[in-house]
Amino acid sequence: QVQLVESGGGLVQAGGSLSLSCATSDRTIRSYAVGWFRQAPGKEREFVATMNLDGDILHYIDSVKGRFTISRDNARSTLNLQMNSLKTEDTAVYYCAAGLLPPVDARRTIVSEAARYFWWGQGTQVTVSS
């Protein structure tokens with residue numbers, strides 16, 4: 001069973017920073033596709049960031065490029081999201097998710113489609129005030 005527990009959300013002023021963390025198991029962080037998604041009120045859930053197992057391929061939604069940084073700490077079995085220069089439009093519930101990787105070239109594969117993620121955390125609220 002895959003478990004994901006997010007932490008680190010909160011209220012911050014525009015231009016500020018927050019750091020999110022997703023605690024999971026050693027097997028999940030080392031063998032599964034992992035990523036961050038968010039859902040703002042009245043909007044569909046959208047992809048935010050992901051990375052491959054080797055950590056050398058990072059993929060972000062255009063609106064957060066240059067401001068957000070995804071990282072993985074295998075020793076602590078955590079997936080992290082550093083969010084800088086936050087904007088009011090970043091306000092949303094942020095979710096950590098995990099999915100299966102293909103049997104071929106798994107270490108270089110990135111997954112950004114929500115439908116390919118089968119396990120989700122409970123979410124953490126990020127609110128950016130103006």
# chains A, B, ... in the order shown; residues from 1 in each chain; ligands from 1
>>> closest_atom_pairs(of="region 6-42 of chain A", to="region 98-113 of chain A", cutoff="7 Å", atoms="only C-alpha atoms", output="CSV")
residue,atom,partner,partner_atom,distance
A:Tyr32,CA,A:Leu100,CA,5.4
A:Ala33,CA,A:Gly99,CA,4.9
A:Val34,CA,A:Ala98,CA,4.5
A:Gly35,CA,A:Ala98,CA,6.6
>>> select_by_dssp(residues="chain A", states="strand (DSSP E or B)", output="JSON, numbers by chain")
{"A": [5, 6, 7, 10, 11, 12, 13, 18, 19, 20, 21, 22, 23, 33, 34, 35, 36, 37, 38, 39, 46, 47, 48, 49, 50, 51, 58, 59, 60, 68, 69, 70, 71, 72, 73, 78, 79, 80, 81, 82, 83, 92, 93, 94, 95, 96, 97, 98, 99, 119, 120, 124, 125, 126, 127, 128, 129]}
>>> residues_around(residues="Asn84 (chain A)", least_positions_apart="4", cutoff="9 Å", atoms="only C-alpha atoms", output="ChimeraX atom specification")
/A:15-19,66-69
>>> select_by_dssp(residues="chain A", states="alpha helix (DSSP H)", output="list of chain:residue names")
A:Asp26, A:Arg27, A:Thr28, A:Ile29, A:Arg30, A:Ser31
>>> write_last_selection(atoms="all heavy atoms", output="mmCIF file, in the first residue's frame")
data_model
loop_
_atom_site.group_PDB
_atom_site.id
_atom_site.type_symbol
_atom_site.label_atom_id
_atom_site.label_comp_id
_atom_site.auth_asym_id
_atom_site.auth_seq_id
_atom_site.Cartn_x
_atom_site.Cartn_y
_atom_site.Cartn_z
ATOM 1 N N ASP A 26 10.241 4.147 1.499
ATOM 2 C CA ASP A 26 11.480 4.024 0.744
ATOM 3 C C ASP A 26 11.216 3.427 -0.636
ATOM 4 O O ASP A 26 11.768 3.889 -1.646
ATOM 5 C CB ASP A 26 12.457 3.144 1.519
ATOM 6 C CG ASP A 26 13.764 2.973 0.785
ATOM 7 O OD1 ASP A 26 14.547 3.934 0.750
ATOM 8 O OD2 ASP A 26 14.011 1.873 0.230
ATOM 9 N N ARG A 27 10.356 2.428 -0.697
ATOM 10 C CA ARG A 27 10.065 1.784 -1.981
ATOM 11 C C ARG A 27 9.404 2.777 -2.943
ATOM 12 O O ARG A 27 9.737 2.828 -4.123
ATOM 13 C CB ARG A 27 9.140 0.583 -1.773
ATOM 14 C CG ARG A 27 8.728 -0.075 -3.083
ATOM 15 C CD ARG A 27 7.834 -1.271 -2.852
ATOM 16 N NE ARG A 27 7.437 -1.872 -4.132
ATOM 17 C CZ ARG A 27 6.647 -2.936 -4.240
ATOM 18 N NH1 ARG A 27 6.180 -3.515 -3.160
ATOM 19 N NH2 ARG A 27 6.330 -3.404 -5.424
ATOM 20 N N THR A 28 8.479 3.585 -2.427
ATOM 21 C CA THR A 28 7.770 4.525 -3.292
ATOM 22 C C THR A 28 8.708 5.563 -3.856
ATOM 23 O O THR A 28 8.705 5.839 -5.062
ATOM 24 C CB THR A 28 6.636 5.210 -2.519
ATOM 25 O OG1 THR A 28 5.718 4.223 -2.042
ATOM 26 C CG2 THR A 28 5.891 6.208 -3.394
ATOM 27 N N ILE A 29 9.541 6.160 -3.014
ATOM 28 C CA ILE A 29 10.370 7.264 -3.479
ATOM 29 C C ILE A 29 11.461 6.769 -4.427
ATOM 30 O O ILE A 29 11.929 7.514 -5.284
ATOM 31 C CB ILE A 29 10.992 8.009 -2.275
ATOM 32 C CG1 ILE A 29 11.411 9.422 -2.668
ATOM 33 C CG2 ILE A 29 12.151 7.231 -1.673
ATOM 34 C CD1 ILE A 29 10.261 10.345 -2.981
ATOM 35 N N ARG A 30 11.855 5.517 -4.310
ATOM 36 C CA ARG A 30 12.938 4.995 -5.151
ATOM 37 C C ARG A 30 12.447 4.277 -6.403
ATOM 38 O O ARG A 30 13.240 4.044 -7.316
ATOM 39 C CB ARG A 30 13.808 4.033 -4.326
ATOM 40 C CG ARG A 30 14.592 4.690 -3.218
ATOM 41 C CD ARG A 30 15.407 3.657 -2.444
ATOM 42 N NE ARG A 30 16.082 4.232 -1.303
ATOM 43 C CZ ARG A 30 17.288 4.807 -1.369
ATOM 44 N NH1 ARG A 30 17.922 4.879 -2.521
ATOM 45 N NH2 ARG A 30 17.840 5.308 -0.274
ATOM 46 N N SER A 31 11.143 3.930 -6.473
ATOM 47 C CA SER A 31 10.708 3.069 -7.575
ATOM 48 C C SER A 31 9.471 3.565 -8.328
ATOM 49 O O SER A 31 9.161 3.010 -9.386
ATOM 50 C CB SER A 31 10.387 1.662 -7.045
ATOM 51 O OG SER A 31 11.466 1.129 -6.331
#
>>> atom_distance(atom1="CA of Trp119 (chain A)", atom2="CA of Leu58 (chain A)")
20.3 Å
>>> closest_residue(among="A:Gly8, A:Tyr117, A:Asp54, A:Ser63", to="Cys22 (chain A)", atoms="only C-alpha atoms")
A:Gly8
>>> closest_residue(among="A:Ser130, A:Tyr94, A:Asn52, A:Trp120", to="Gln3 (chain A)", atoms="only C-alpha atoms")
A:Trp120
>>> closest_residue(among="A:Val2, A:Val126, A:Ala92, A:Met83", to="Gln39 (chain A)", atoms="only C-alpha atoms")
A:Ala92
>>> closest_residue(among="A:Asp73, A:Phe118, A:Cys96, A:Val48", to="Ile61 (chain A)", atoms="only C-alpha atoms")
A:Val48
>>> closest_residue(among="A:Arg76, A:Val93, A:Gly55, A:Val64", to="Thr127 (chain A)", atoms="only C-alpha atoms")
A:Val93
>>> residues_around(residues="Leu4 (chain A)", least_positions_apart="4", cutoff="6 Å", atoms="only C-alpha atoms", output="JSON, numbers by chain")
{"A": [23, 24, 121]}
>>> write_last_selection(atoms="N, CA, C and O atoms", output="short mmCIF file (atom, residue, chain, number, x, y, z; two decimals), in the first residue's frame")
data_model
loop_
_atom_site.label_atom_id
_atom_site.label_comp_id
_atom_site.auth_asym_id
_atom_site.auth_seq_id
_atom_site.Cartn_x
_atom_site.Cartn_y
_atom_site.Cartn_z
N ALA A 23 5.88 12.90 2.72
CA ALA A 23 6.52 11.73 3.31
C ALA A 23 5.90 10.46 2.74
O ALA A 23 4.68 10.32 2.67
N THR A 24 6.77 9.53 2.36
CA THR A 24 6.28 8.27 1.82
C THR A 24 7.25 7.17 2.21
O THR A 24 8.06 7.34 3.10
N GLY A 121 -1.99 11.89 -1.80
CA GLY A 121 -2.03 12.32 -0.42
C GLY A 121 -3.33 13.05 -0.13
O GLY A 121 -4.17 13.23 -1.01
#
>>> closest_residue(among="A:Leu11, A:Ile70, A:Ala114, A:Leu81", to="Ala97 (chain A)", atoms="only C-alpha atoms")
A:Ala114
>>> decode(residues="region 22-120 of chain A", atoms="C-alpha atoms", output="mmCIF file, in the first residue's frame")
data_model
loop_
_atom_site.group_PDB
_atom_site.id
_atom_site.type_symbol
_atom_site.label_atom_id
_atom_site.label_comp_id
_atom_site.auth_asym_id
_atom_site.auth_seq_id
_atom_site.Cartn_x
_atom_site.Cartn_y
_atom_site.Cartn_z
ATOM 1 C CA CYS A 22 5.609 14.645 1.084
ATOM 2 C CA ALA A 23 6.518 11.731 3.313
ATOM 3 C CA THR A 24 6.281 8.272 1.816
ATOM 4 C CA SER A 25 8.002 4.911 1.905
ATOM 5 C CA ASP A 26 11.480 4.024 0.744
ATOM 6 C CA ARG A 27 10.065 1.784 -1.981
ATOM 7 C CA THR A 28 7.770 4.525 -3.292
ATOM 8 C CA ILE A 29 10.370 7.264 -3.479
ATOM 9 C CA ARG A 30 12.938 4.995 -5.151
ATOM 10 C CA SER A 31 10.708 3.069 -7.575
ATOM 11 C CA TYR A 32 7.526 5.007 -8.411
ATOM 12 C CA ALA A 33 6.703 8.065 -10.437
ATOM 13 C CA VAL A 34 6.125 10.906 -7.968
ATOM 14 C CA GLY A 35 4.863 14.405 -8.546
ATOM 15 C CA TRP A 36 2.993 17.441 -7.271
ATOM 16 C CA PHE A 37 -0.436 18.576 -8.391
ATOM 17 C CA ARG A 38 -2.725 21.366 -7.230
ATOM 18 C CA GLN A 39 -6.393 22.239 -7.330
ATOM 19 C CA ALA A 40 -7.693 25.763 -6.937
ATOM 20 C CA PRO A 41 -11.323 26.481 -5.961
ATOM 21 C CA GLY A 42 -13.624 25.929 -8.901
ATOM 22 C CA LYS A 43 -10.852 24.594 -11.108
ATOM 23 C CA GLU A 44 -9.674 21.189 -12.198
ATOM 24 C CA ARG A 45 -6.660 19.554 -10.637
ATOM 25 C CA GLU A 46 -3.512 20.439 -12.565
ATOM 26 C CA PHE A 47 -0.007 19.096 -12.796
ATOM 27 C CA VAL A 48 2.705 21.190 -11.095
ATOM 28 C CA ALA A 49 6.010 19.324 -11.101
ATOM 29 C CA THR A 50 7.649 15.934 -11.371
ATOM 30 C CA MET A 51 11.094 14.397 -11.712
ATOM 31 C CA ASN A 52 12.591 11.134 -12.870
ATOM 32 C CA LEU A 53 14.130 8.533 -10.580
ATOM 33 C CA ASP A 54 17.675 9.678 -11.275
ATOM 34 C CA GLY A 55 16.731 13.246 -10.455
ATOM 35 C CA ASP A 56 18.274 14.740 -13.583
ATOM 36 C CA ILE A 57 15.056 15.355 -15.501
ATOM 37 C CA LEU A 58 12.708 17.904 -13.935
ATOM 38 C CA HIS A 59 9.413 18.945 -15.479
ATOM 39 C CA TYR A 60 7.210 21.865 -14.450
ATOM 40 C CA ILE A 61 4.036 23.502 -15.569
ATOM 41 C CA ASP A 62 4.989 26.730 -17.362
ATOM 42 C CA SER A 63 3.418 29.004 -14.756
ATOM 43 C CA VAL A 64 5.820 27.876 -12.000
ATOM 44 C CA LYS A 65 9.061 27.550 -13.962
ATOM 45 C CA GLY A 66 11.841 29.556 -12.359
ATOM 46 C CA ARG A 67 9.895 29.868 -9.097
ATOM 47 C CA PHE A 68 9.286 26.290 -7.909
ATOM 48 C CA THR A 69 11.868 23.555 -7.419
ATOM 49 C CA ILE A 70 11.055 19.885 -6.998
ATOM 50 C CA SER A 71 13.510 17.600 -5.236
ATOM 51 C CA ARG A 72 13.743 14.150 -3.739
ATOM 52 C CA ASP A 73 15.460 13.041 -0.543
ATOM 53 C CA ASN A 74 15.828 9.278 -0.874
ATOM 54 C CA ALA A 75 17.450 8.927 2.558
ATOM 55 C CA ARG A 76 14.366 10.444 4.209
ATOM 56 C CA SER A 77 11.874 9.074 1.668
ATOM 57 C CA THR A 78 10.446 12.502 0.973
ATOM 58 C CA LEU A 79 9.447 14.472 -2.085
ATOM 59 C CA ASN A 80 9.809 18.223 -1.693
ATOM 60 C CA LEU A 81 8.560 21.334 -3.437
ATOM 61 C CA GLN A 82 10.246 24.659 -2.758
ATOM 62 C CA MET A 83 7.980 27.496 -3.812
ATOM 63 C CA ASN A 84 9.451 30.991 -4.158
ATOM 64 C CA SER A 85 8.036 34.275 -5.446
ATOM 65 C CA LEU A 86 4.556 33.031 -4.736
ATOM 66 C CA LYS A 87 1.624 34.653 -6.507
ATOM 67 C CA THR A 88 -2.025 34.830 -5.540
ATOM 68 C CA GLU A 89 -2.809 32.491 -8.425
ATOM 69 C CA ASP A 90 -0.722 29.800 -6.717
ATOM 70 C CA THR A 91 -3.420 29.514 -4.068
ATOM 71 C CA ALA A 92 -4.670 25.930 -4.107
ATOM 72 C CA VAL A 93 -4.659 22.610 -2.326
ATOM 73 C CA TYR A 94 -1.396 20.904 -3.219
ATOM 74 C CA TYR A 95 -1.274 17.133 -3.580
ATOM 75 C CA CYS A 96 1.573 14.683 -3.696
ATOM 76 C CA ALA A 97 0.953 11.673 -5.922
ATOM 77 C CA ALA A 98 2.587 8.410 -6.941
ATOM 78 C CA GLY A 99 2.167 6.195 -9.970
ATOM 79 C CA LEU A 100 3.678 3.206 -11.688
ATOM 80 C CA LEU A 101 6.571 3.513 -14.097
ATOM 81 C CA PRO A 102 6.880 1.547 -17.332
ATOM 82 C CA PRO A 103 9.139 -1.507 -17.331
ATOM 83 C CA VAL A 104 11.361 -0.002 -20.023
ATOM 84 C CA ASP A 105 13.596 3.016 -19.377
ATOM 85 C CA ALA A 106 11.890 3.620 -16.037
ATOM 86 C CA ARG A 107 14.723 5.679 -14.581
ATOM 87 C CA ARG A 108 14.447 8.348 -17.264
ATOM 88 C CA THR A 109 10.657 8.448 -17.490
ATOM 89 C CA ILE A 110 8.619 11.386 -16.226
ATOM 90 C CA VAL A 111 4.858 11.307 -15.793
ATOM 91 C CA SER A 112 2.737 14.452 -15.835
ATOM 92 C CA GLU A 113 -0.740 13.092 -16.569
ATOM 93 C CA ALA A 114 -2.916 12.890 -13.486
ATOM 94 C CA ALA A 115 -4.642 9.772 -14.834
ATOM 95 C CA ARG A 116 -1.374 7.860 -14.528
ATOM 96 C CA TYR A 117 -1.087 8.564 -10.811
ATOM 97 C CA PHE A 118 -2.961 6.033 -8.685
ATOM 98 C CA TRP A 119 -2.097 7.097 -5.147
ATOM 99 C CA TRP A 120 -2.707 10.538 -3.678
#
